[in-house]
$ cat coords_13.txt   # compact mmCIF, C-alpha atoms
# COMPACT_ATOMS: atom_id res chain seq x y z
CA MET A 30 39.92 -10.06 -28.82
CA THR A 31 36.86 -9.64 -26.63
CA ASN A 32 36.05 -13.33 -26.47
CA GLY A 33 38.87 -14.41 -24.25
CA SER A 34 39.07 -11.33 -22.05
CA ILE A 35 38.41 -11.63 -18.39
CA LEU A 36 35.44 -9.28 -18.52
CA ASN A 37 33.42 -11.94 -20.30
CA SER A 38 33.97 -14.69 -17.82
CA LYS A 39 30.93 -15.60 -15.75
CA PHE A 40 32.94 -15.79 -12.59
CA PHE A 41 34.07 -12.20 -13.01
CA LYS A 42 30.50 -10.97 -13.44
CA PHE A 43 29.42 -12.93 -10.41
CA SER A 44 32.21 -11.55 -8.25
CA LEU A 45 31.47 -8.05 -9.50
CA ILE A 46 27.88 -8.38 -8.34
CA CYS A 47 29.01 -9.75 -4.97
CA ALA A 48 31.47 -6.89 -4.55
CA PHE A 49 28.74 -4.40 -5.38
CA PHE A 50 26.46 -5.76 -2.71
CA LEU A 51 29.21 -5.94 -0.11
CA ILE A 52 30.26 -2.36 -0.75
CA SER A 53 26.71 -1.05 -0.88
CA GLY A 54 26.11 -2.73 2.45
CA ILE A 55 28.51 -0.24 3.98
CA PHE A 56 26.06 2.56 3.26
CA PRO A 57 22.73 1.69 4.82
CA LYS A 58 19.66 3.53 3.55
CA SER A 59 20.35 7.11 4.48
CA ALA A 60 16.95 7.88 5.93
CA PHE A 61 18.32 6.37 9.12
CA SER A 62 21.62 8.23 9.10
CA GLN A 63 20.29 10.61 11.69
CA GLU A 64 19.75 7.79 14.16
CA SER A 65 23.39 6.84 14.44
CA THR A 66 25.10 10.20 14.12
CA SER A 67 23.14 12.40 16.48
CA GLU A 68 22.87 10.06 19.43
CA ASN A 69 25.34 10.94 22.14
CA LYS A 70 24.13 8.43 24.67
CA GLU A 71 23.26 4.84 23.81
CA LYS A 72 19.52 5.05 23.25
CA LYS A 73 17.98 1.71 22.36
CA PHE A 74 16.77 1.59 18.77
CA GLU A 75 13.01 1.19 18.72
CA PRO A 76 12.10 -0.33 15.35
CA LYS A 77 8.39 -0.04 16.00
CA ASP A 78 8.49 3.76 16.28
CA VAL A 79 10.60 4.19 13.17
CA ILE A 80 8.41 1.88 11.13
CA LEU A 81 5.16 3.47 12.24
CA GLU A 82 6.56 6.88 11.46
CA HIS A 83 7.52 5.83 7.95
CA ILE A 84 4.23 4.22 7.02
CA GLY A 85 2.03 6.80 8.70
CA ASP A 86 1.11 10.31 7.75
CA SER A 87 2.82 13.36 9.17
CA HIS A 88 2.71 17.11 8.98
CA SER A 89 6.26 17.46 7.73
CA TRP A 90 8.16 15.73 4.98
CA PRO A 91 11.54 14.35 6.09
CA VAL A 92 14.19 14.66 3.40
CA ALA A 93 17.36 12.70 3.98
CA LEU A 94 20.55 13.12 1.99
CA PRO A 95 23.60 11.00 2.56
CA PHE A 96 25.95 12.22 5.30
CA VAL A 97 23.71 15.19 6.12
CA GLU A 98 21.37 15.39 9.07
CA GLU A 99 17.78 14.70 8.21
CA LYS A 100 15.79 17.82 7.40
CA HIS A 101 12.07 18.14 7.68
CA ILE A 102 10.17 20.19 5.12
CA ALA A 103 7.37 21.73 7.14
CA LEU A 104 4.00 21.49 5.46
CA PRO A 105 1.08 23.88 6.00
CA VAL A 106 -1.45 23.20 8.70
CA ILE A 107 -5.02 24.24 7.95
CA LEU A 108 -7.48 23.95 10.79
CA TYR A 109 -11.11 24.86 10.70
CA THR A 110 -12.16 25.69 14.22
CA ASP A 111 -15.41 27.16 15.39
CA LYS A 112 -13.57 30.43 15.93
CA GLY A 113 -12.42 30.64 12.31
CA LEU A 114 -9.81 29.28 9.95
CA ASP A 115 -6.24 28.84 11.20
CA VAL A 116 -3.45 28.48 8.68
CA PHE A 117 0.17 28.22 9.74
CA SER A 118 3.29 26.28 8.99
CA SER A 119 3.82 23.07 10.86
CA GLY A 120 7.37 24.18 11.55
CA LYS A 121 5.96 26.15 14.44
CA LEU A 122 4.78 22.92 16.05
CA LEU A 123 7.82 20.96 15.19
CA PRO A 124 10.09 19.71 17.91
CA GLU A 125 7.21 17.66 19.11
CA GLY A 126 5.54 19.20 22.11
CA THR A 127 6.00 22.84 21.21
CA VAL A 128 2.86 24.81 21.90
CA TYR A 129 1.86 27.35 19.30
CA ASN A 130 -0.62 30.07 20.00
CA SER A 131 -2.38 31.28 16.91
CA GLY A 132 -4.45 33.97 18.50
CA ARG A 133 -7.54 31.81 18.43
CA ASN A 134 -6.37 28.60 20.05
CA SER A 135 -3.15 27.05 21.22
CA TYR A 136 -2.08 23.89 19.50
CA LYS A 137 0.33 21.11 20.20
CA LEU A 138 1.37 18.10 18.14
CA GLU A 139 0.85 14.82 19.86
CA GLU A 140 1.60 11.60 17.98
CA ASN A 141 1.17 13.42 14.70
CA LYS A 142 -2.27 14.69 15.56
CA ILE A 143 -2.94 18.32 16.39
CA LYS A 144 -4.60 18.90 19.71
CA VAL A 145 -5.88 22.05 21.32
CA VAL A 146 -4.17 22.96 24.57
CA ASP A 147 -5.55 25.38 27.10
CA ALA A 148 -3.65 28.06 28.94
CA SER A 149 -1.83 25.73 31.31
CA GLY A 150 -0.52 23.41 28.59
CA ALA A 151 -2.85 20.49 29.23
CA ILE A 152 -4.62 18.94 26.28
CA ASP A 153 -8.24 19.91 25.90
CA GLU A 154 -9.90 16.83 24.40
CA ALA A 155 -13.36 18.27 23.91
CA ALA A 156 -12.09 21.26 21.98
CA SER A 157 -9.72 19.08 19.94
CA LYS A 158 -12.64 17.02 18.70
CA LYS A 159 -14.34 20.11 17.33
CA VAL A 160 -11.36 21.22 15.26
CA LEU A 161 -11.51 19.97 11.67
CA ASP A 162 -8.08 19.24 10.28
CA PHE A 163 -7.73 20.06 6.59
CA SER A 164 -3.95 20.29 6.64
CA ILE A 165 -1.78 19.57 3.68
CA THR A 166 0.02 16.60 5.16
CA ARG A 167 2.55 14.33 3.50
CA ASN A 168 -0.12 12.10 2.01
CA VAL A 169 -1.99 15.07 0.53
CA ILE A 170 1.10 16.46 -1.15
CA SER A 171 1.96 13.03 -2.49
CA LEU A 172 -1.59 12.68 -3.79
CA PHE A 173 -1.21 15.99 -5.62
CA MET A 174 2.12 14.88 -7.06
CA GLY A 175 0.61 11.60 -8.25
CA ILE A 176 -2.31 13.44 -9.83
CA ALA A 177 0.04 15.88 -11.55
CA LEU A 178 2.12 13.02 -12.93
CA LEU A 179 -0.96 11.17 -14.16
CA LEU A 180 -2.34 14.30 -15.82
CA ILE A 181 0.97 15.05 -17.51
CA ILE A 182 1.37 11.54 -18.84
CA PHE A 183 -2.15 11.01 -20.04
CA LEU A 184 -2.86 14.44 -21.43
CA SER A 185 0.29 14.25 -23.51
CA VAL A 186 -0.55 10.73 -24.68
CA SER A 187 -4.09 11.71 -25.65
CA SER A 188 -2.94 14.84 -27.48
CA SER A 189 -0.40 12.85 -29.42
CA TYR A 190 -3.13 10.39 -30.38
CA THR A 191 -5.25 13.18 -31.81
CA LYS A 192 -2.33 14.74 -33.61
CA ARG A 193 -1.04 11.51 -35.10
CA VAL A 194 -4.30 9.95 -36.23
CA GLY A 195 -3.74 6.78 -38.20
CA LYS A 196 0.02 6.81 -37.80
CA ALA A 197 2.06 4.45 -35.68
CA PRO A 198 2.49 5.46 -32.05
CA LYS A 199 5.73 7.14 -31.10
CA GLY A 200 7.43 8.04 -27.85
CA LEU A 201 5.39 8.08 -24.66
CA GLN A 202 2.38 6.81 -26.62
CA SER A 203 4.14 3.57 -27.46
CA TRP A 204 5.05 3.13 -23.80
CA MET A 205 1.48 3.58 -22.58
CA GLU A 206 -0.33 1.83 -25.40
CA PRO A 207 0.38 -1.78 -24.33
CA LEU A 208 -0.79 -1.05 -20.79
CA ILE A 209 -3.96 0.68 -21.91
CA VAL A 210 -4.74 -2.04 -24.44
CA PHE A 211 -4.05 -4.62 -21.73
CA VAL A 212 -6.61 -2.99 -19.45
CA ARG A 213 -9.12 -2.88 -22.28
CA ASP A 214 -8.63 -6.35 -23.72
CA ASP A 215 -7.85 -8.39 -20.66
CA ILE A 216 -9.81 -6.64 -17.94
CA ALA A 217 -12.66 -4.64 -19.42
CA ILE A 218 -13.97 -6.66 -22.36
CA PRO A 219 -13.99 -10.17 -20.84
CA ASN A 220 -15.85 -8.95 -17.77
CA MET A 221 -18.15 -6.25 -19.07
CA GLY A 222 -18.98 -7.38 -22.57
CA HIS A 223 -19.79 -4.91 -25.29
CA LYS A 224 -20.78 -2.07 -22.99
CA TYR A 225 -17.26 -1.62 -21.70
CA ALA A 226 -16.56 1.78 -23.23
CA ARG A 227 -18.57 3.67 -20.65
CA PHE A 228 -16.45 2.39 -17.82
CA MET A 229 -13.02 2.46 -19.42
CA PRO A 230 -12.08 5.89 -17.98
CA LEU A 231 -12.87 4.66 -14.47
CA LEU A 232 -10.90 1.45 -14.88
CA LEU A 233 -7.92 3.18 -16.43
CA THR A 234 -7.88 5.82 -13.72
CA ILE A 235 -8.03 3.26 -10.93
CA PHE A 236 -5.35 1.09 -12.50
CA PHE A 237 -2.83 3.82 -13.14
CA PHE A 238 -3.54 5.70 -9.92
CA ILE A 239 -2.89 2.62 -7.80
CA LEU A 240 0.08 1.59 -9.91
CA ILE A 241 1.83 4.96 -9.80
CA ASN A 242 1.29 5.41 -6.09
CA ASN A 243 2.49 1.90 -5.31
CA LEU A 244 5.61 2.37 -7.40
CA PHE A 245 6.44 5.76 -5.94
CA GLY A 246 6.03 4.37 -2.44
CA MET A 247 8.92 2.05 -3.10
CA ILE A 248 11.44 4.77 -3.98
CA PRO A 249 13.33 5.54 -0.78
CA PHE A 250 14.25 9.18 -1.38
CA PHE A 251 12.52 12.48 -1.87
CA PRO A 252 9.76 12.41 -4.50
CA GLY A 253 8.88 8.91 -3.39
CA GLY A 254 8.86 7.13 -0.10
CA TYR A 255 5.31 7.98 0.90
CA ASN A 256 2.68 5.45 1.74
CA LEU A 257 -0.47 6.62 -0.01
CA THR A 258 -2.18 3.41 -1.13
CA GLY A 259 -1.32 1.96 2.24
CA ASN A 260 -3.48 4.59 3.87
CA ILE A 261 -6.85 3.08 4.59
CA ALA A 262 -8.66 6.36 3.99
CA VAL A 263 -7.45 6.44 0.39
CA THR A 264 -8.41 2.86 -0.33
CA LEU A 265 -11.73 3.47 1.42
CA THR A 266 -12.42 6.30 -1.02
CA LEU A 267 -11.58 4.13 -4.00
CA SER A 268 -13.85 1.34 -2.83
CA VAL A 269 -16.71 3.76 -2.04
CA ILE A 270 -16.43 4.97 -5.64
CA ILE A 271 -16.74 1.37 -6.82
CA LEU A 272 -19.70 0.83 -4.49
CA PHE A 273 -21.54 3.79 -5.98
CA VAL A 274 -20.70 2.91 -9.57
CA VAL A 275 -21.82 -0.69 -9.19
CA ASN A 276 -25.04 0.05 -7.40
CA LEU A 277 -26.08 3.08 -9.41
CA ASN A 278 -25.57 1.18 -12.65
CA GLY A 279 -27.25 -2.00 -11.55
CA ASN A 280 -30.04 -3.01 -13.85
CA LYS A 281 -33.25 -4.82 -13.04
CA HIS A 282 -31.70 -8.26 -13.19
CA TYR A 283 -29.03 -7.27 -10.68
CA TRP A 284 -31.53 -6.06 -8.11
CA LYS A 285 -33.86 -8.94 -8.76
CA HIS A 286 -31.03 -11.36 -8.11
CA ILE A 287 -30.43 -9.71 -4.75
CA PHE A 288 -33.95 -9.22 -3.47
CA VAL A 289 -35.86 -12.08 -5.01
CA PRO A 290 -34.00 -15.30 -4.33
CA ASN A 291 -34.85 -18.23 -6.52
CA PRO A 292 -36.72 -20.63 -4.22
CA TRP A 293 -38.92 -18.10 -2.42
CA TRP A 294 -38.67 -19.87 0.91
CA LEU A 295 -34.98 -18.90 1.20
CA PHE A 296 -36.10 -15.27 1.59
CA PRO A 297 -35.13 -14.65 5.24
CA ILE A 298 -31.63 -16.05 4.89
CA MET A 299 -30.63 -14.94 1.42
CA ILE A 300 -31.69 -11.31 1.61
CA PRO A 301 -29.46 -10.35 4.58
CA VAL A 302 -26.61 -12.34 3.05
CA GLU A 303 -27.01 -10.59 -0.27
CA ILE A 304 -27.24 -7.17 1.35
CA VAL A 305 -24.09 -7.83 3.35
CA SER A 306 -22.37 -8.96 0.18
CA ILE A 307 -23.18 -5.64 -1.52
CA PHE A 308 -20.99 -3.97 1.07
CA SER A 309 -18.48 -6.67 1.77
CA LYS A 310 -17.13 -6.78 -1.77
CA PRO A 311 -15.84 -3.18 -1.76
CA ILE A 312 -14.65 -3.60 1.83
CA ALA A 313 -12.61 -6.60 0.73
CA LEU A 314 -11.13 -4.52 -2.09
CA MET A 315 -10.18 -1.82 0.38
CA ILE A 316 -8.53 -4.09 2.91
CA ARG A 317 -6.72 -6.17 0.31
CA LEU A 318 -4.95 -3.17 -1.22
CA PHE A 319 -4.23 -1.49 2.12
CA ALA A 320 -2.86 -4.61 3.80
CA ASN A 321 -0.71 -5.73 0.87
CA ILE A 322 1.03 -2.40 0.43
CA THR A 323 1.44 -1.64 4.13
CA ALA A 324 2.70 -5.14 4.88
CA GLY A 325 5.26 -4.81 2.11
CA HIS A 326 6.56 -1.51 3.49
CA ILE A 327 6.72 -2.92 7.02
CA VAL A 328 8.73 -5.95 5.89
CA ILE A 329 11.28 -3.86 4.03
CA LEU A 330 11.64 -1.39 6.88
CA SER A 331 12.04 -4.21 9.39
CA LEU A 332 14.77 -5.84 7.35
CA ILE A 333 16.67 -2.55 7.18
CA SER A 334 16.14 -2.05 10.91
CA LEU A 335 17.94 -5.34 11.47
CA ILE A 336 21.17 -3.49 10.81
CA PHE A 337 20.40 -1.03 13.59
CA ILE A 338 19.19 -3.64 16.03
CA PHE A 339 22.37 -5.66 15.74
CA ARG A 340 24.60 -2.58 15.44
CA THR A 341 27.26 -4.33 13.43
CA ILE A 342 28.32 -3.79 9.87
CA TRP A 343 28.48 -7.48 9.02
CA VAL A 344 24.69 -7.75 9.10
CA SER A 345 24.55 -5.23 6.23
CA PRO A 346 25.28 -7.54 3.28
CA VAL A 347 22.72 -10.08 4.51
CA SER A 348 20.15 -7.41 5.14
CA ILE A 349 20.73 -5.70 1.80
CA VAL A 350 20.39 -8.96 -0.12
CA PHE A 351 17.11 -9.73 1.63
CA VAL A 352 15.87 -6.20 1.00
CA VAL A 353 16.65 -6.42 -2.71
CA PHE A 354 14.78 -9.71 -2.89
CA MET A 355 11.81 -8.26 -1.02
CA ASP A 356 11.87 -5.19 -3.26
CA CYS A 357 11.49 -7.42 -6.32
CA ILE A 358 8.50 -9.08 -4.68
CA GLU A 359 7.11 -5.67 -3.81
CA LEU A 360 7.42 -4.60 -7.44
CA LEU A 361 5.37 -7.64 -8.43
CA VAL A 362 2.86 -6.87 -5.69
CA ALA A 363 2.55 -3.24 -6.88
CA PHE A 364 1.52 -4.34 -10.37
CA LEU A 365 -0.52 -7.25 -9.11
CA GLN A 366 -2.58 -5.24 -6.63
CA ALA A 367 -3.38 -2.60 -9.23
CA TYR A 368 -4.40 -5.38 -11.63
CA ILE A 369 -6.51 -7.23 -9.05
CA PHE A 370 -8.31 -4.09 -7.90
CA THR A 371 -9.15 -3.16 -11.48
CA LEU A 372 -10.10 -6.74 -12.37
CA LEU A 373 -12.45 -7.14 -9.44
CA SER A 374 -14.02 -3.72 -10.05
CA SER A 375 -14.72 -4.62 -13.66
CA LEU A 376 -16.09 -7.97 -12.52
CA PHE A 377 -18.51 -6.29 -10.12
CA ILE A 378 -19.57 -3.73 -12.71
CA GLY A 379 -19.99 -6.51 -15.25
CA MET A 380 -22.22 -8.42 -12.84
CA ALA A 381 -24.31 -5.29 -12.35
CA ILE A 382 -24.84 -4.40 -15.99
CA GLU A 383 -25.11 -7.88 -17.39
CA GLU A 384 -28.11 -8.73 -19.50
CA HIS A 385 -30.12 -11.81 -18.70
CA HIS A 386 -29.39 -14.68 -21.02
CA MET B 2 3.44 -25.51 47.05
CA THR B 3 1.68 -22.34 46.01
CA GLY B 4 5.07 -20.64 45.94
CA MET B 5 6.28 -23.18 43.39
CA ILE B 6 3.20 -22.71 41.23
CA GLY B 7 3.64 -18.98 41.44
CA THR B 8 7.27 -19.24 40.32
CA LEU B 9 6.28 -21.58 37.51
CA ALA B 10 3.58 -19.17 36.37
CA ALA B 11 6.03 -16.28 36.44
CA ALA B 12 8.66 -18.29 34.56
CA THR B 13 6.28 -19.22 31.74
CA THR B 14 4.74 -15.77 31.30
CA MET B 15 4.12 -14.92 27.73
CA TYR B 16 5.86 -11.85 26.47
CA GLY B 17 4.44 -9.86 23.63
CA ASN B 18 1.05 -9.71 22.12
CA ILE B 19 -1.35 -12.56 21.53
CA ALA B 20 -2.37 -10.78 18.35
CA ALA B 21 0.94 -11.90 16.88
CA LEU B 22 -0.21 -15.52 17.33
CA GLY B 23 -3.30 -14.70 15.28
CA ALA B 24 -1.17 -13.25 12.52
CA GLY B 25 0.98 -16.37 12.64
CA PHE B 26 -2.05 -18.61 12.13
CA ALA B 27 -3.07 -16.43 9.20
CA ALA B 28 0.35 -16.99 7.69
CA ILE B 29 -0.10 -20.75 8.05
CA GLY B 30 -3.44 -20.50 6.26
CA ALA B 31 -1.97 -18.42 3.46
CA GLY B 32 0.96 -20.79 3.11
CA ILE B 33 -1.26 -23.85 2.80
CA GLY B 34 -3.65 -22.14 0.39
CA ILE B 35 -1.08 -20.69 -1.93
CA GLY B 36 0.95 -23.88 -1.80
CA GLN B 37 -2.08 -25.84 -3.02
CA ILE B 38 -2.69 -23.32 -5.79
CA GLY B 39 0.92 -23.43 -6.91
CA GLY B 40 1.04 -27.21 -6.80
CA LYS B 41 -2.08 -27.69 -8.89
CA ALA B 42 -0.93 -25.04 -11.35
CA VAL B 43 2.42 -26.73 -11.83
CA GLU B 44 0.68 -30.08 -12.33
CA ALA B 45 -1.58 -28.52 -14.94
CA ILE B 46 1.40 -27.06 -16.76
CA ALA B 47 3.05 -30.44 -16.75
CA ARG B 48 -0.04 -31.98 -18.32
CA GLN B 49 -0.39 -29.33 -21.02
CA PRO B 50 2.62 -27.08 -21.55
CA GLU B 51 0.92 -25.05 -24.32
CA ALA B 52 -1.49 -23.50 -21.83
CA ILE B 53 1.31 -22.18 -19.65
CA SER B 54 0.47 -18.48 -19.87
CA LYS B 55 -3.25 -18.91 -19.14
CA ILE B 56 -2.51 -21.17 -16.20
CA GLN B 57 0.06 -18.74 -14.87
CA THR B 58 -2.35 -15.80 -15.07
CA ASN B 59 -5.08 -17.65 -13.23
CA MET B 60 -2.64 -18.90 -10.62
CA ILE B 61 -1.46 -15.37 -9.86
CA ILE B 62 -5.03 -14.09 -9.56
CA ALA B 63 -6.07 -16.90 -7.23
CA ALA B 64 -2.93 -16.44 -5.14
CA ALA B 65 -3.64 -12.72 -4.74
CA LEU B 66 -7.19 -13.44 -3.59
CA VAL B 67 -6.07 -16.03 -1.04
CA GLU B 68 -3.36 -13.70 0.20
CA GLY B 69 -6.01 -10.99 0.57
CA VAL B 70 -7.89 -13.18 3.01
CA ALA B 71 -4.75 -13.83 5.03
CA LEU B 72 -4.06 -10.12 5.12
CA PHE B 73 -7.52 -9.43 6.55
CA ALA B 74 -6.40 -11.47 9.53
CA VAL B 75 -3.12 -9.57 9.71
CA VAL B 76 -5.00 -6.28 9.71
CA VAL B 77 -7.19 -7.45 12.58
CA ALA B 78 -4.05 -8.56 14.42
CA MET B 79 -2.49 -5.14 13.87
CA ILE B 80 -5.52 -3.39 15.24
CA GLY B 81 -5.73 -5.71 18.26

$ encode --input "coords_13.txt" --output "structure tokens"
Amino acid sequence: MTNGSILNSKFFKFSLICAFFLISGIFPKSAFSQESTSENKEKKFEPKDVILEHIGDSHSWPVALPFVEEKHIALPVILYTDKGLDVFSSGKLLPEGTVYNSGRNSYKLEENKIKVVDASGAIDEAASKKVLDFSITRNVISLFMGIALLLIIFLSVSSSYTKRVGKAPKGLQSWMEPLIVFVRDDIAIPNMGHKYARFMPLLLTIFFFILINNLFGMIPFFPGGYNLTGNIAVTLTLSVIILFVVNLNGNKHYWKHIFVPNPWWLFPIMIPVEIVSIFSKPIALMIRLFANITAGHIVILSLISLIFIFRTIWVSPVSIVFVVFMDCIELLVAFLQAYIFTLLSSLFIGMAIEEHH
Amino acid sequence: MTGMIGTLAAATTMYGNIAALGAGFAAIGAGIGIGQIGGKAVEAIARQPEAISKIQTNMIIAAALVEGVALFAVVVAMIG
């Protein structure tokens, strides 16, 4: 009965998929719905501004629901000035250009940075440089969310390991176990030898932190859609951690290899080269992760912006198909960049702790 | 005569950023590099199909490293 029915035919499945894409092309990603509904006059669509706004950091979190105008959740602004601590909601600075007087200083948002304005409304650059900005921006909140998710997952997995000693893994444990064993057997042990256990927490943290933040950056709506690992400050922090771990754990052979080159007459060339390479390896890690993730976000946003540049609905199916294809590549890149960062970190640590043989 | 040269210069003005040219060259480099890696990997698989998963892993790692270098150039182009 089911063998001859039309639902089994390959052509039907193929045309169902085509129909799905064509119909979904009618509803472009709703984060842009504000652009087309609230414009009364024909303002030219500037893709560069939209893209930079999506991949950058901001003091408010835009939440977009279909067919509703885009709302911004205002996040707290915390400024440490030399007159004291100022805490207020960024909603007071919101339609960009509004001046807010907090009793100590007046502030204005310019290009997502907070600047001090004096009484006449002009920006006071010297005073703006002295204000330290500790605000909870979009990236900070997303960092907290990522940390909360990581803690929830791993604390529950570790507690279920202690409760179910010797029994087969069940539930979330069995989901995480292949990944953790993969990091241990394919990344840690081949590169670090038998002393890997000391560095496993670091490698696991780096791997899952980068992976979770990459994956969440690809989700277009509320709890995702932020660009944390594409923020160079975050990747800089990760690579500084690796720099410290590698150099503080380096044993005698590591330092001898750097400062005493083998034929002694290569001294003047090899020592600067080796010193530069101590720093260039973490810098390469930082730029590789940052550029891969940011470039992926830019490509996807540009392909969606094609619809708004051409302003016709017939570009939508083409654009959506390309975006789905690019999203699959981005999924691969998310896993791959987490894997490469962890692999190279374990390689560097392995080179630092390796015994002479 | 100078008027003609001036018109010619105005007609062939370059629009946009020269940094985009740099990013384009980086893309050429990445394309050549990853193409070589992919080609050699496929040849190796053809010679010894049992080693397919090891070859694939190493190919992906090498491709990510080469792409990293190309992205350094893209980052410099973005800053410039």

$ residues_around --input "coords_13.txt" --residues "Lys41 in chain B" --least-positions-apart "4" --cutoff "12 Å" --atoms "only C-alpha atoms" --output "PyMOL selection string"
chain B and resi 34-37+45-48+56-57+59-60+63-64

$ write_last_selection --input "coords_13.txt" --atoms "C-alpha atoms" --output "PDB file, in the coordinates of the input"
ATOM      1  CA  GLY B  34      -3.650 -22.140   0.390  1.00  0.00           C
ATOM      2  CA  ILE B  35      -1.080 -20.690  -1.930  1.00  0.00           C
ATOM      3  CA  GLY B  36       0.950 -23.880  -1.800  1.00  0.00           C
ATOM      4  CA  GLN B  37      -2.080 -25.840  -3.020  1.00  0.00           C
ATOM      5  CA  ALA B  45      -1.580 -28.520 -14.940  1.00  0.00           C
ATOM      6  CA  ILE B  46       1.400 -27.060 -16.760  1.00  0.00           C
ATOM      7  CA  ALA B  47       3.050 -30.440 -16.750  1.00  0.00           C
ATOM      8  CA  ARG B  48      -0.040 -31.980 -18.320  1.00  0.00           C
ATOM      9  CA  ILE B  56      -2.510 -21.170 -16.200  1.00  0.00           C
ATOM     10  CA  GLN B  57       0.060 -18.740 -14.870  1.00  0.00           C
ATOM     11  CA  ASN B  59      -5.080 -17.650 -13.230  1.00  0.00           C
ATOM     12  CA  MET B  60      -2.640 -18.900 -10.620  1.00  0.00           C
ATOM     13  CA  ALA B  63      -6.070 -16.900  -7.230  1.00  0.00           C
ATOM     14  CA  ALA B  64      -2.930 -16.440  -5.140  1.00  0.00           C
TER      15      ALA B  64
END

$ interface_residues --input "coords_13.txt" --of "chain A" --to "chain B" --cutoff "8 Å" --atoms "only C-alpha atoms" --output "list in words"
Ala313, Ile316, Arg317, Ala320, Asn321, Leu365, Gln366 and Ile369 of chain A

$ residues_around --input "coords_13.txt" --residues "Gly23 in chain B" --least-positions-apart "5" --cutoff "10 Å" --atoms "all atoms listed in the file" --output "JSON, numbers by chain"
{"B": [18, 28, 29, 74, 75, 77, 78, 79, 81]}

$ write_last_selection --input "coords_13.txt" --atoms "C-alpha atoms" --output "PDB file, in the frame of the given file"
ATOM      1  CA  ASN B  18       1.050  -9.710  22.120  1.00  0.00           C
ATOM      2  CA  ALA B  28       0.350 -16.990   7.690  1.00  0.00           C
ATOM      3  CA  ILE B  29      -0.100 -20.750   8.050  1.00  0.00           C
ATOM      4  CA  ALA B  74      -6.400 -11.470   9.530  1.00  0.00           C
ATOM      5  CA  VAL B  75      -3.120  -9.570   9.710  1.00  0.00           C
ATOM      6  CA  VAL B  77      -7.190  -7.450  12.580  1.00  0.00           C
ATOM      7  CA  ALA B  78      -4.050  -8.560  14.420  1.00  0.00           C
ATOM      8  CA  MET B  79      -2.490  -5.140  13.870  1.00  0.00           C
ATOM      9  CA  GLY B  81      -5.730  -5.710  18.260  1.00  0.00           C
TER      10      GLY B  81
END

$ atom_distance --input "coords_13.txt" --atom1 "CA of Val116 in chain A" --atom2 "CA of Pro252 in chain A"
24.6 Å

$ atom_distance --input "coords_13.txt" --atom1 "CA of Ser131 in chain A" --atom2 "CA of Asp86 in chain A"
23.1 Å

$ residues_near_point --input "coords_13.txt" --point "(5.7, 22.6, 7.1)" --cutoff "8 Å" --atoms "all atoms listed in the file" --output "list in words"
His88, Ser89, Trp90, His101, Ile102, Ala103, Leu104, Pro105, Val106, Ser118, Ser119 and Gly120 of chain A

$ closest_residue --input "coords_13.txt" --among "A:Lys310, A:Arg340, A:His326, A:Arg227" --to "Glu359 in chain A" --atoms "only C-alpha atoms"
A:His326

$ atom_distance --input "coords_13.txt" --atom1 "CA of Val289 in chain A" --atom2 "CA of Ile271 in chain A"
23.4 Å

$ closest_residue --input "coords_13.txt" --among "A:Gly253, A:Gly259, A:Gly85, A:Pro91" --to "Asn141 in chain A" --atoms "only C-alpha atoms"
A:Gly85

$ residues_around --input "coords_13.txt" --residues "Glu75 in chain A" --least-positions-apart "2" --cutoff "10 Å" --atoms "only C-alpha atoms" --output "PyMOL selection string"
chain A and resi 72-73+77-80+334+337-338

$ residues_around --input "coords_13.txt" --residues "Leu233 in chain A" --least-positions-apart "2" --cutoff "9 Å" --atoms "all atoms listed in the file" --output "PDB file with C-alpha atoms, in the coordinates of the input"
ATOM      1  CA  ILE A 209      -3.960   0.680 -21.910  1.00  0.00           C
ATOM      2  CA  VAL A 212      -6.610  -2.990 -19.450  1.00  0.00           C
ATOM      3  CA  ARG A 213      -9.120  -2.880 -22.280  1.00  0.00           C
ATOM      4  CA  PHE A 228     -16.450   2.390 -17.820  1.00  0.00           C
ATOM      5  CA  MET A 229     -13.020   2.460 -19.420  1.00  0.00           C
ATOM      6  CA  PRO A 230     -12.080   5.890 -17.980  1.00  0.00           C
ATOM      7  CA  LEU A 231     -12.870   4.660 -14.470  1.00  0.00           C
ATOM      8  CA  ILE A 235      -8.030   3.260 -10.930  1.00  0.00           C
ATOM      9  CA  PHE A 236      -5.350   1.090 -12.500  1.00  0.00           C
ATOM     10  CA  PHE A 237      -2.830   3.820 -13.140  1.00  0.00           C
ATOM     11  CA  PHE A 238      -3.540   5.700  -9.920  1.00  0.00           C
ATOM     12  CA  THR A 371      -9.150  -3.160 -11.480  1.00  0.00           C
TER      13      THR A 371
END

$ axis_aligned_box --input "coords_13.txt" --around "range 94-105 of chain A" --padding-each-side "8 Å" --output "JSON"
{"center_x": 13.5, "center_y": 17.4, "center_z": 5.5, "size_x": 40.9, "size_y": 28.9, "size_z": 23.1}

$ residues_around --input "coords_13.txt" --residues "Ser87 in chain A" --least-positions-apart "4" --cutoff "8 Å" --atoms "all atoms listed in the file" --output "list in words"
Glu82, Asn141, Thr166, Arg167 and Asn168 of chain A
